[in-house]
Every structure is written in structure tokens, then in C-alpha cells.
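*Asks:* The following file, protein.txt, comprises compact mmCIF, C-alpha atoms:
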# COMPACT_ATOMS: atom_id res chain seq x y z
CA MET Q 102 -56.37 -45.85 -52.21
CA ASN Q 103 -57.79 -46.89 -48.84
CA VAL Q 104 -54.65 -48.26 -47.23
CA ALA Q 105 -56.54 -49.19 -44.06
CA SER Q 106 -58.59 -51.66 -46.08
CA PHE Q 107 -55.53 -53.93 -46.14
CA PHE Q 108 -55.64 -54.33 -42.35
CA PRO Q 109 -57.25 -57.57 -41.15
CA GLU Q 110 -60.23 -57.28 -38.81
CA ASN Q 111 -58.25 -57.98 -35.65
CA ILE Q 112 -55.88 -55.09 -36.40
CA LYS Q 113 -58.77 -52.75 -37.20
CA ALA Q 114 -60.32 -53.68 -33.85
CA ALA Q 115 -57.04 -53.13 -31.99
CA LEU Q 116 -56.58 -49.70 -33.55
CA LYS Q 117 -59.87 -48.60 -31.97
CA ASN Q 118 -58.34 -48.98 -28.49
CA ILE Q 119 -56.86 -46.03 -26.63
CA PRO Q 120 -53.59 -45.13 -28.41
CA PRO Q 121 -50.43 -46.24 -26.60
CA GLY Q 122 -49.01 -43.48 -24.45
CA GLU Q 123 -52.11 -41.27 -24.54
CA TRP Q 124 -51.82 -40.97 -20.76
CA ILE Q 125 -48.49 -39.10 -21.04
CA PRO Q 126 -49.23 -35.42 -20.43
CA GLU Q 127 -47.81 -32.58 -22.53
CA LEU Q 128 -45.58 -30.85 -20.03
CA PRO Q 129 -44.96 -27.14 -19.64
CA GLU Q 130 -41.38 -25.97 -19.22
CA ASP Q 131 -39.94 -26.55 -15.73
CA CYS Q 132 -42.81 -28.86 -14.77
CA ILE Q 133 -42.15 -31.07 -11.73
CA ARG Q 134 -42.61 -34.57 -13.11
CA LEU Q 135 -44.50 -36.63 -10.58
CA HIS Q 136 -45.98 -38.72 -13.38
CA CYS Q 137 -42.62 -40.24 -14.39
CA GLY Q 138 -42.12 -43.91 -13.65
CA TYR Q 139 -38.44 -43.53 -14.47
CA PRO Q 140 -35.32 -44.16 -12.39
CA ALA Q 141 -33.71 -41.18 -10.68
CA PRO Q 142 -31.28 -39.67 -13.22
CA ALA Q 143 -28.43 -39.74 -10.70
CA LEU Q 144 -28.90 -43.50 -10.25
CA VAL Q 145 -28.66 -44.38 -13.94
CA PRO Q 146 -25.07 -45.67 -14.37
CA ASP Q 147 -24.18 -43.75 -17.51
CA LYS Q 148 -20.43 -43.64 -16.81
CA GLU Q 149 -20.32 -47.33 -15.97
CA LEU Q 150 -22.27 -48.24 -19.10
CA LYS Q 151 -19.97 -46.05 -21.18
CA ALA Q 152 -17.01 -47.93 -19.72
CA ALA Q 153 -18.73 -51.25 -20.47
CA VAL Q 154 -19.21 -50.24 -24.12
CA ALA Q 155 -15.58 -49.20 -24.43
CA SER Q 156 -14.36 -52.42 -22.83
CA LEU Q 157 -16.64 -54.55 -25.00
CA LEU Q 158 -15.57 -52.98 -28.29
CA GLU Q 159 -11.91 -52.94 -27.30
CA GLU Q 160 -11.99 -56.66 -26.53
CA GLU Q 161 -14.35 -57.95 -29.21
CA ARG Q 162 -14.09 -55.26 -31.92
CA ASP Q 163 -16.96 -55.71 -34.40
CA LEU Q 164 -18.39 -58.91 -32.92
CA PRO Q 165 -21.07 -57.30 -30.68
CA LEU Q 166 -22.32 -55.32 -33.70
CA HIS Q 167 -23.27 -58.41 -35.74
CA TYR Q 168 -26.58 -60.29 -35.79
CA ILE Q 169 -25.30 -63.21 -33.77
CA GLY Q 170 -23.48 -60.86 -31.46
CA SER Q 171 -21.12 -61.27 -28.60
CA PRO Q 172 -20.61 -64.37 -26.42
CA ASN Q 173 -21.46 -61.98 -23.59
CA ILE Q 174 -25.12 -62.49 -24.52
CA LEU Q 175 -24.86 -66.01 -23.10
CA LYS Q 176 -23.15 -64.59 -20.02
CA LEU Q 177 -26.10 -62.24 -19.51
CA LYS Q 178 -28.47 -65.17 -19.41
CA GLU Q 179 -26.30 -66.86 -16.78
CA GLN Q 180 -26.12 -63.65 -14.77
CA ILE Q 181 -29.90 -63.31 -14.74
CA LYS Q 182 -30.28 -66.99 -13.83
CA LYS Q 183 -27.98 -66.37 -10.86
CA ARG Q 184 -29.99 -63.34 -9.74
CA LEU Q 185 -33.19 -65.39 -9.96
CA GLU Q 186 -31.60 -68.18 -7.92
CA GLU Q 187 -30.72 -65.67 -5.20
CA ARG Q 188 -34.45 -64.90 -5.01
CA GLY Q 189 -35.47 -68.54 -4.79
CA ILE Q 190 -36.27 -69.05 -8.50
CA SER Q 191 -34.44 -71.98 -10.04
CA VAL Q 192 -34.75 -72.34 -13.82
CA SER Q 193 -32.84 -74.17 -16.52
CA GLU Q 194 -31.53 -72.48 -19.65
CA GLU Q 195 -34.62 -73.76 -21.52
CA GLU Q 196 -36.88 -72.08 -18.95
CA LEU Q 197 -35.52 -68.54 -19.38
CA LEU Q 198 -35.89 -66.14 -22.30
CA ILE Q 199 -34.22 -62.72 -22.49
CA THR Q 200 -36.60 -60.13 -23.94
CA SER Q 201 -36.50 -56.51 -25.02
CA GLY Q 202 -37.90 -55.24 -21.75
CA ALA Q 203 -40.92 -56.38 -19.77
CA CYS Q 204 -43.38 -55.12 -22.40
CA GLN Q 205 -42.05 -57.51 -25.03
CA ALA Q 206 -42.33 -60.30 -22.46
CA ILE Q 207 -45.99 -59.42 -21.78
CA ASP Q 208 -46.71 -59.19 -25.50
CA LEU Q 209 -45.07 -62.54 -26.28
CA ILE Q 210 -47.06 -64.30 -23.57
CA ALA Q 211 -50.28 -62.73 -24.82
CA ARG Q 212 -49.43 -63.65 -28.40
CA ILE Q 213 -48.84 -67.34 -27.75
CA ILE Q 214 -51.64 -67.92 -25.23
CA LEU Q 215 -54.52 -65.65 -26.22
CA ASP Q 216 -56.98 -65.52 -29.07
CA GLU Q 217 -60.08 -63.36 -29.41
CA GLU Q 218 -62.15 -65.86 -27.39
CA SER Q 219 -59.67 -66.03 -24.53
CA ILE Q 220 -60.35 -64.55 -21.11
CA VAL Q 221 -57.73 -62.69 -19.11
CA ALA Q 222 -58.06 -61.70 -15.46
CA VAL Q 223 -56.32 -58.47 -14.46
CA GLU Q 224 -55.94 -56.46 -11.30
CA SER Q 225 -58.04 -53.32 -11.02
CA PRO Q 226 -56.27 -50.94 -11.24
CA THR Q 227 -53.26 -52.26 -13.15
CA TYR Q 228 -50.37 -51.29 -15.43
CA MET Q 229 -51.91 -49.41 -18.34
CA GLU Q 230 -49.54 -50.75 -20.99
CA ALA Q 231 -50.44 -54.32 -20.07
CA LEU Q 232 -54.10 -53.41 -20.63
CA GLU Q 233 -53.16 -51.96 -24.02
CA ILE Q 234 -51.34 -55.17 -24.97
CA PHE Q 235 -54.05 -57.59 -23.84
CA GLN Q 236 -56.76 -55.67 -25.69
CA ASN Q 237 -54.83 -56.18 -28.93
CA TYR Q 238 -55.59 -59.89 -28.59
CA THR Q 239 -58.93 -60.15 -26.77
CA LYS Q 240 -61.70 -57.93 -25.44
CA ARG Q 241 -62.65 -60.43 -22.74
CA LEU Q 242 -60.94 -59.07 -19.65
CA ILE Q 243 -62.12 -59.64 -16.07
CA SER Q 244 -61.15 -57.06 -13.44
CA ILE Q 245 -60.27 -58.14 -9.89
CA PRO Q 246 -60.03 -55.35 -7.28
CA VAL Q 247 -56.88 -54.44 -5.39
CA ASP Q 248 -56.86 -53.13 -1.82
CA LYS Q 249 -54.03 -52.17 0.53
CA HIS Q 250 -53.03 -55.84 0.78
CA GLY Q 251 -52.88 -56.39 -2.98
CA LEU Q 252 -55.10 -58.51 -5.21
CA GLN Q 253 -58.30 -59.52 -3.42
CA THR Q 254 -58.05 -63.25 -3.95
CA ASP Q 255 -61.33 -63.88 -2.12
CA VAL Q 256 -63.13 -61.83 -4.78
CA LEU Q 257 -61.24 -63.70 -7.48
CA GLU Q 258 -62.38 -67.01 -5.99
CA GLU Q 259 -66.01 -65.86 -5.96
CA ILE Q 260 -65.80 -64.85 -9.62
CA LEU Q 261 -64.15 -68.13 -10.64
CA ALA Q 262 -66.67 -70.21 -8.69
CA GLU Q 263 -69.60 -68.34 -10.23
CA ARG Q 264 -68.19 -68.83 -13.73
CA LYS Q 265 -67.82 -72.54 -13.04
CA ARG Q 266 -71.42 -72.81 -11.78
CA ASN Q 267 -72.67 -71.04 -14.90
CA GLY Q 268 -70.59 -73.15 -17.27
CA LEU Q 269 -68.48 -70.19 -18.39
CA ALA Q 270 -64.88 -70.38 -19.54
CA GLN Q 271 -62.16 -69.56 -17.02
CA PRO Q 272 -59.25 -67.18 -17.64
CA ARG Q 273 -56.28 -68.45 -19.59
CA PHE Q 274 -54.13 -66.47 -17.17
CA LEU Q 275 -54.23 -63.85 -14.47
CA TYR Q 276 -51.85 -60.91 -14.79
CA THR Q 277 -50.59 -59.55 -11.48
CA ILE Q 278 -47.92 -57.21 -10.11
CA PRO Q 279 -47.84 -58.67 -6.61
CA THR Q 280 -44.91 -56.67 -5.25
CA PHE Q 281 -45.02 -52.84 -5.13
CA GLN Q 282 -47.80 -52.80 -7.68
CA ASN Q 283 -48.11 -50.29 -10.48
CA PRO Q 284 -50.03 -48.04 -9.88
CA THR Q 285 -51.05 -48.62 -6.25
CA GLY Q 286 -47.68 -49.44 -4.68
CA THR Q 287 -49.36 -52.21 -2.70
CA THR Q 288 -47.88 -55.64 -1.95
CA MET Q 289 -49.85 -58.87 -1.95
CA THR Q 290 -49.66 -60.65 1.39
CA ALA Q 291 -48.05 -64.06 1.76
CA GLU Q 292 -51.46 -65.57 2.54
CA ARG Q 293 -52.99 -64.15 -0.62
CA ARG Q 294 -50.03 -65.32 -2.69
CA GLN Q 295 -50.55 -68.87 -1.48
CA HIS Q 296 -54.30 -68.60 -2.05
CA LEU Q 297 -53.73 -67.37 -5.61
CA LEU Q 298 -51.49 -70.33 -6.40
CA GLU Q 299 -54.14 -72.70 -5.03
CA LEU Q 300 -56.83 -71.05 -7.15
CA ALA Q 301 -54.67 -71.37 -10.26
CA GLU Q 302 -54.41 -75.10 -9.64
CA SER Q 303 -58.09 -75.56 -8.76
CA TYR Q 304 -59.42 -73.59 -11.73
CA ASN Q 305 -56.63 -74.40 -14.18
CA PHE Q 306 -55.19 -71.05 -15.20
CA LEU Q 307 -51.69 -69.60 -15.47
CA ILE Q 308 -50.32 -66.66 -13.48
CA VAL Q 309 -48.29 -63.96 -15.20
CA GLU Q 310 -46.20 -62.36 -12.45
CA ASP Q 311 -44.80 -58.94 -13.39
CA ASP Q 312 -41.93 -58.35 -10.97
CA ALA Q 313 -40.50 -55.12 -12.42
CA TYR Q 314 -40.24 -53.48 -8.97
CA GLY Q 315 -39.65 -56.58 -6.87
CA GLU Q 316 -36.06 -55.80 -5.84
CA LEU Q 317 -36.81 -52.25 -4.71
CA SER Q 318 -37.97 -53.08 -1.20
CA PHE Q 319 -37.64 -50.50 1.56
CA TYR Q 320 -37.77 -53.07 4.35
CA LYS Q 321 -38.08 -56.79 3.58
CA ASN Q 322 -38.79 -58.99 0.59
CA LEU Q 323 -41.66 -61.45 0.28
CA PRO Q 324 -40.99 -64.53 -1.84
CA THR Q 325 -42.03 -64.15 -5.45
CA LEU Q 326 -44.98 -66.16 -6.72
CA LYS Q 327 -42.54 -68.02 -8.96
CA ALA Q 328 -40.42 -69.02 -5.97
CA MET Q 329 -43.56 -70.40 -4.29
CA ASP Q 330 -44.79 -72.16 -7.44
CA LYS Q 331 -44.64 -75.96 -7.29
CA MET Q 332 -46.74 -76.69 -10.40
CA SER Q 333 -45.08 -74.51 -13.09
CA ARG Q 334 -48.14 -72.28 -13.33
CA VAL Q 335 -46.27 -68.98 -12.89
CA LEU Q 336 -44.67 -67.08 -15.75
CA HIS Q 337 -42.27 -64.69 -14.07
CA ILE Q 338 -41.48 -61.43 -15.89
CA GLY Q 339 -38.49 -59.41 -14.76
CA SER Q 340 -36.65 -56.35 -15.97
CA LEU Q 341 -33.53 -54.28 -15.40
CA SER Q 342 -35.33 -51.10 -16.46
CA LYS Q 343 -36.10 -49.89 -12.94
CA ILE Q 344 -32.80 -50.89 -11.35
CA VAL Q 345 -30.27 -50.14 -14.12
CA ALA Q 346 -31.54 -48.26 -17.19
CA PRO Q 347 -34.85 -48.50 -19.10
CA GLY Q 348 -33.29 -47.59 -22.45
CA MET Q 349 -31.20 -50.75 -22.40
CA ARG Q 350 -34.43 -52.78 -22.85
CA ILE Q 351 -33.38 -55.85 -20.88
CA GLY Q 352 -36.16 -58.07 -19.56
CA TRP Q 353 -36.98 -61.76 -19.31
CA ILE Q 354 -39.57 -64.50 -18.92
CA ALA Q 355 -38.94 -67.41 -16.57
CA GLY Q 356 -41.41 -70.25 -16.91
CA ALA Q 357 -42.25 -73.68 -18.27
CA ARG Q 358 -40.02 -74.65 -21.16
CA GLU Q 359 -42.98 -75.09 -23.50
CA ILE Q 360 -43.95 -71.46 -22.91
CA ILE Q 361 -40.35 -70.30 -23.34
CA HIS Q 362 -39.96 -72.32 -26.55
CA ALA Q 363 -43.13 -70.87 -28.06
CA SER Q 364 -42.21 -67.34 -26.98
CA ALA Q 365 -38.74 -67.69 -28.52
CA TRP Q 366 -40.33 -69.03 -31.72
CA PHE Q 367 -42.33 -65.84 -32.19
CA LYS Q 368 -39.65 -63.54 -30.85
CA LYS Q 369 -37.28 -64.87 -33.55
CA ASP Q 370 -34.20 -62.61 -33.69
CA LEU Q 371 -35.85 -59.49 -32.27
CA ASN Q 372 -32.98 -59.07 -29.87
CA HIS Q 373 -30.78 -56.14 -28.96
CA PRO Q 374 -27.46 -58.02 -29.07
CA PHE Q 375 -25.31 -54.95 -28.49
CA ALA Q 376 -27.37 -53.83 -25.49
CA GLN Q 377 -27.38 -57.35 -24.04
CA ALA Q 378 -23.61 -57.71 -24.41
CA THR Q 379 -23.06 -54.28 -22.87
CA MET Q 380 -25.29 -55.16 -19.93
CA ALA Q 381 -23.38 -58.40 -19.36
CA VAL Q 382 -20.09 -56.51 -19.15
CA TYR Q 383 -21.65 -53.92 -16.85
CA LEU Q 384 -23.05 -56.59 -14.49
CA ALA Q 385 -19.74 -58.45 -14.43
CA ASN Q 386 -18.02 -55.29 -13.18
CA THR Q 387 -20.70 -54.18 -10.69
CA ASP Q 388 -21.33 -55.00 -7.06
CA PHE Q 389 -25.03 -55.37 -7.65
CA GLU Q 390 -26.03 -55.95 -4.05
CA ALA Q 391 -24.35 -52.68 -3.09
CA LYS Q 392 -26.14 -50.96 -5.96
CA LEU Q 393 -29.48 -52.32 -4.78
CA LEU Q 394 -28.82 -51.00 -1.27
CA THR Q 395 -28.21 -47.54 -2.74
CA LEU Q 396 -31.37 -47.73 -4.81
CA ARG Q 397 -33.48 -48.85 -1.87
CA ASP Q 398 -32.08 -46.20 0.47
CA THR Q 399 -32.58 -43.44 -2.09
CA TYR Q 400 -36.14 -44.37 -3.01
CA ARG Q 401 -37.06 -44.95 0.64
CA GLY Q 402 -35.97 -41.38 1.37
CA LYS Q 403 -37.80 -39.93 -1.62
CA CYS Q 404 -40.98 -41.79 -0.69
CA ALA Q 405 -40.79 -40.48 2.87
CA VAL Q 406 -40.52 -36.91 1.56
CA LEU Q 407 -43.55 -37.39 -0.68
CA LEU Q 408 -45.65 -38.92 2.09
CA SER Q 409 -44.70 -36.17 4.52
CA ALA Q 410 -45.63 -33.52 1.94
CA LEU Q 411 -48.97 -35.20 1.32
CA GLU Q 412 -49.73 -35.02 5.05
CA GLN Q 413 -48.78 -31.35 5.07
CA TYR Q 414 -50.40 -30.08 1.89
CA LEU Q 415 -53.33 -32.33 0.95
CA PRO Q 416 -56.80 -31.95 2.51
CA GLU Q 417 -58.06 -34.50 5.05
CA SER Q 418 -60.48 -35.90 2.48
CA ALA Q 419 -57.57 -37.22 0.40
CA SER Q 420 -56.21 -40.68 1.18
CA TRP Q 421 -53.38 -42.85 -0.10
CA TYR Q 422 -51.63 -46.18 0.33
CA VAL Q 423 -48.19 -46.23 1.97
CA PRO Q 424 -45.89 -48.37 -0.20
CA GLU Q 425 -43.14 -50.62 1.14
CA GLY Q 426 -41.06 -50.29 -2.02
CA GLY Q 427 -41.17 -49.49 -5.71
CA TYR Q 428 -41.86 -46.12 -7.31
CA PHE Q 429 -45.47 -45.09 -6.70
CA VAL Q 430 -48.09 -43.67 -4.35
CA TRP Q 431 -51.77 -44.12 -5.24
CA MET Q 432 -54.12 -41.39 -4.03
CA LYS Q 433 -57.87 -40.91 -3.90
CA ILE Q 434 -59.52 -37.48 -3.75
CA PRO Q 435 -63.28 -37.92 -3.25
CA GLY Q 436 -65.42 -35.65 -5.37
CA VAL Q 437 -62.60 -34.68 -7.74
CA ASP Q 438 -62.25 -35.73 -11.37
CA THR Q 439 -58.47 -36.08 -11.54
CA SER Q 440 -58.49 -36.16 -15.33
CA LYS Q 441 -60.16 -32.76 -15.49
CA MET Q 442 -57.93 -31.43 -12.71
CA LEU Q 443 -54.75 -32.28 -14.63
CA SER Q 444 -54.80 -29.13 -16.76
CA ALA Q 445 -54.89 -26.98 -13.62
CA ALA Q 446 -52.03 -29.00 -12.12
CA LEU Q 447 -49.92 -28.60 -15.25
CA ALA Q 448 -50.61 -24.86 -15.19
CA GLU Q 449 -49.19 -24.87 -11.64
CA GLY Q 450 -46.14 -26.79 -12.88
CA VAL Q 451 -46.73 -30.30 -11.54
CA SER Q 452 -47.75 -33.50 -13.33
CA TYR Q 453 -49.36 -36.81 -12.36
CA ILE Q 454 -51.26 -39.57 -14.14
CA PRO Q 455 -55.05 -39.59 -13.76
CA GLY Q 456 -56.33 -42.85 -12.32
CA LYS Q 457 -58.71 -43.64 -15.17
CA TYR Q 458 -55.93 -44.98 -17.39
CA PHE Q 459 -55.30 -47.88 -15.03
CA PHE Q 460 -58.82 -49.33 -15.22
CA MET Q 461 -60.71 -51.31 -17.84
CA ASN Q 462 -63.77 -49.25 -16.92
CA GLN Q 463 -62.22 -45.79 -16.83
CA ALA Q 464 -65.07 -44.38 -14.76
CA ASP Q 465 -63.75 -46.47 -11.85
CA GLY Q 466 -60.62 -44.32 -11.75
CA THR Q 467 -62.19 -40.86 -11.79
CA GLU Q 468 -61.19 -39.92 -8.23
CA PHE Q 469 -57.71 -41.49 -8.27
CA LEU Q 470 -54.25 -40.45 -9.41
CA ARG Q 471 -50.76 -41.94 -9.45
CA LEU Q 472 -47.74 -40.08 -8.10
CA SER Q 473 -44.16 -41.17 -8.65
CA PHE Q 474 -41.35 -40.35 -6.23
CA SER Q 475 -38.61 -42.02 -8.28
CA TYR Q 476 -37.58 -39.39 -10.81
CA GLU Q 477 -37.43 -35.95 -9.17
CA ASP Q 478 -35.13 -35.00 -6.29
CA GLU Q 479 -36.47 -34.56 -2.77
CA LYS Q 480 -36.75 -30.78 -2.96
CA GLU Q 481 -38.74 -30.95 -6.19
CA ILE Q 482 -40.98 -33.70 -4.80
CA ALA Q 483 -41.94 -31.56 -1.80
CA GLU Q 484 -42.55 -28.51 -3.97
CA GLY Q 485 -44.57 -30.56 -6.45
CA ILE Q 486 -46.88 -31.82 -3.72
CA ARG Q 487 -47.24 -28.27 -2.37
CA ARG Q 488 -48.38 -27.15 -5.82
CA LEU Q 489 -50.69 -30.16 -6.15
CA GLY Q 490 -52.24 -29.42 -2.76
CA ARG Q 491 -53.01 -25.90 -3.90
CA VAL Q 492 -54.72 -27.22 -7.02
CA VAL Q 493 -56.77 -29.77 -5.05
CA GLU Q 494 -57.92 -27.18 -2.51
CA ALA Q 495 -59.01 -24.86 -5.32
CA GLY Q 496 -61.00 -27.65 -6.95
CA LEU Q 497 -62.93 -28.76 -3.85
Represent the supplied structure as C-alpha cells.
*Replies:*
Amino acid sequence: MNVASFFPENIKAALKNIPPGEWIPELPEDCIRLHCGYPAPALVPDKELKAAVASLLEEERDLPLHYIGSPNILKLKEQIKKRLEERGISVSEEELLITSGACQAIDLIARIILDEESIVAVESPTYMEALEIFQNYTKRLISIPVDKHGLQTDVLEEILAERKRNGLAQPRFLYTIPTFQNPTGTTMTAERRQHLLELAESYNFLIVEDDAYGELSFYKNLPTLKAMDKMSRVLHIGSLSKIVAPGMRIGWIAGAREIIHASAWFKKDLNHPFAQATMAVYLANTDFEAKLLTLRDTYRGKCAVLLSALEQYLPESASWYVPEGGYFVWMKIPGVDTSKMLSAALAEGVSYIPGKYFFMNQADGTEFLRLSFSYEDEKEIAEGIRRLGRVVEAGL
């Protein structure tokens, strides 16, 4: 029996895309993991979460283990609303949906807004899993370049104006990571943020703002696009994966109630009630502002070590952006195919992600790579860059 014959055409087409997670390298033992976009192990609050579980089960017994779950789920929603308000985002209960991480939020938005004729505008480069999700719904993606100041909104405007002149459809939405972007680490300027909002109004598209790293600033915070939004065009995606624990799978969408209603309709009961209740108890017992200060100080220090090591060990031909927060440094090595170089780097005991996986046209990413300073400790980061520098020098 040909089981695949039961798949509809859209699923057959989606299965031809690059498999999810193909970019994850197979690591040798004792490899220094500069590819990992994970929190530092020492900053994941395992003891505090263990205490939250114990407290939850002691107080509520079996209740958090049922479908409907604990009343703490409602508390979690209020806690996230409060955190959003502290960042200038005011939403009602009907304008906020808790999701199983940011990826479910991205997928729900794509599911309710896109069909195979829809157009999506994305940053270039951008988060590879978002590309994977969007291509499950449409092949019509438009890439807008990113520079050291974030999304080039002037290029976006030129593309939109040309499409209008030629009678072509405009994007349903633009997906952006405006603050400490993945993979480049760049931050969109205030002027470009305002320009983007004006373009969304002029050309009638939505903005999907992925703010997974937005609270991990080393210096100062720019207002989110959602906080600047006066016309309900921004769908704000947030997550606790980078600031608490990714395995808890706690994310959200904040946006127009019609979008939230439709997203909830298709999400149905695909919740993690136990994880949500546990997170609510954890947040209730945590000085979160103090935790954020610790996170920011730690990642600022790790980033400084990585940047210093790059200056010391990488050739002058290599260049990189200096991030103001987040997890990542984006590097270009002219004349080097970073995908082909990866095997040599792994043999030296250091990993990274080749740049090609962050582009719709993978050839655009040949000379780039993404480094993460979040996961390893400072000593390992410096040693990893020393090893990488040796590999780069050998390949030039």
C-alpha cells in the first residue's frame, strides 16, 4: 500500500521542503556548542520550578493534571498581561492567547491568515523555523534585507510600491524580529519601526512581531512595535523560553480580538495545562525584574567574551555585527563556504550554524554563520572561538 497517496497535495508539497531541524549538526563528544540558541544551563531555574510543582500539587492535588486544569492557568494569563503592560502593551483578555511556545503562535497565525496564494514578507536572513512554517502554507515569500540597523524599510517600501504599480498582490503580513534579531542580533531603529507601521497602514498588511529576545537588552529597550501600534496591525508574539525555560513551552499572541478568536478556534485544547499552572506558581514566587537583571548581566558578559575572542582569533577579512542584547552574533567570512567548513569545525570540537539556513535563497547565506554566546560558559566560548579561528585560517 502506498500510504503517502493518502496525503493531500498541500501536505505532499510541504514534505518537499527542508526537513525541520536539518540545520542541527551532529556533535562530536565534548564539542563546544556555539550553535545552541538555548539559555545558559545555570540560569534555568530548575530548583524553583521543582518547588513550584511541589507547591502546586500539594495545594491542588490532581486538579492541574486534568484537561481543564488549574485555576492558575488564568493567573498566568493575568501575569503575562501585566508584563506586557510594563512594556507599554495594553491588551484585554480577548486580545491575548497563551500558546505552546512561540512556534505554535507563528503556526497559528500562518494557519488562519495564509493560503497557497498568499504572500508573506520576511526578513533576510530570518529565523529558520519561521521559514519552515510559512512554506507549509505558501511558497510566495518575499525577502527584505537586514543590515546593522535591522529591517531595511526603504527597500520594503520600494518593493511594495513596485508591486502596486504592477497590479500585484501585497503581503498578507510581514514577519519581523525587530529586537535582537535571530540570527543577526541586530535591532531595528526607532525611525524604521515607525516607518514600518506607516507602510503597513499605507499598503494594508499586518505585522507579525516576534519578540522572543526583547527583554534581554544589554543597555536600553526600544518600544516594541506593538506598543507603538495605533491601528491594531501588529500581532505580538512573546515567549518565556529564552528567559525562563524552553521546555515549559509558554508563549503567547497579543493582537486584535478577531485574530485571537480565530487562533484559539484552531488551537482548540492543545494546551499544556500542567506547565502553564506550574509557570504561574513560579512567576508568583519570583522577583522577575531581579531575574532579568541577572540574565542581562550574564549574557552581556558572555557576549563581550565572544566579541573579544573574535577580535583576537579571526582574520581581518571576517566581520560581524555587535548586538545590544539577545543571544547571537552574525559573522561573514568572505570567500568561505561556511556549510562546507562546518565538518572541519566539528572535527576541531566547535559548532555553529551555517548562514544558508536563514535565507529563502540559501546561496545568499554561503559566507555567513551564526554564533551563540548564550549556552556555553565564558571559558568555553573563548576556547571555541580560538578553535574556529584556526579552522577559518586553514580554509582561507
*Asks:* Hey, which of Q:Glu259, Q:Asp216, Q:Asp330, Q:Glu449 ends up closest to Ala495 (chain Q)? Count all atoms listed in the file.
*Replies:*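 The closest residue to Ala495 (chain Q) is Q:Glu449.
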*Asks:* Do you have the CA of Glu186 (chain Q)-CA of Phe429 (chain Q) distance handy?
*Replies:* 27.0 Å
*Asks:* So which residues are close to (-62.0, -39.6, -6.7), meaning at most 9 Å away in the file's coordinates with all atoms listed in the file counted, and can you show them as a ChimeraX atom specification?
*Replies:* /Q:419,432-439,456,465-470
*Asks:* Smallest atom-to-atom distance to Gly339 (chain Q): which of Q:Gly490, Q:Gly352, Q:Pro284, Q:Pro246, using only C-alpha atoms?
*Replies:* Q:Gly352
*Asks:* Compile the contact shell of Thr277 (chain Q) as a PDB file with C-alpha atoms, in the frame of the given file: residues with an atom at most 7 Å away, counting only C-alpha atoms, same-chain residues fewer than 6 positions apart removed.
*Replies:*
ATOM      1  CA  VAL Q 223     -56.320 -58.470 -14.460  1.00  0.00           C
ATOM      2  CA  GLU Q 224     -55.940 -56.460 -11.300  1.00  0.00           C
ATOM      3  CA  VAL Q 309     -48.290 -63.960 -15.200  1.00  0.00           C
ATOM      4  CA  GLU Q 310     -46.200 -62.360 -12.450  1.00  0.00           C
ATOM      5  CA  ASP Q 311     -44.800 -58.940 -13.390  1.00  0.00           C
TER       6      ASP Q 311
END
*Asks:* Would you list the residues near (-41.7, -55.4, -8.3) (no more than 8 Å away, in the coordinates of the file, using all atoms listed in the file) as a list in words?
*Replies:*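 It turns out the residues near that spot are Ile278, Pro279, Thr280, Phe281, Gln282, Asp311, Asp312, Ala313, Tyr314, Gly315, Glu316, Leu317 and Gly427 of chain Q.
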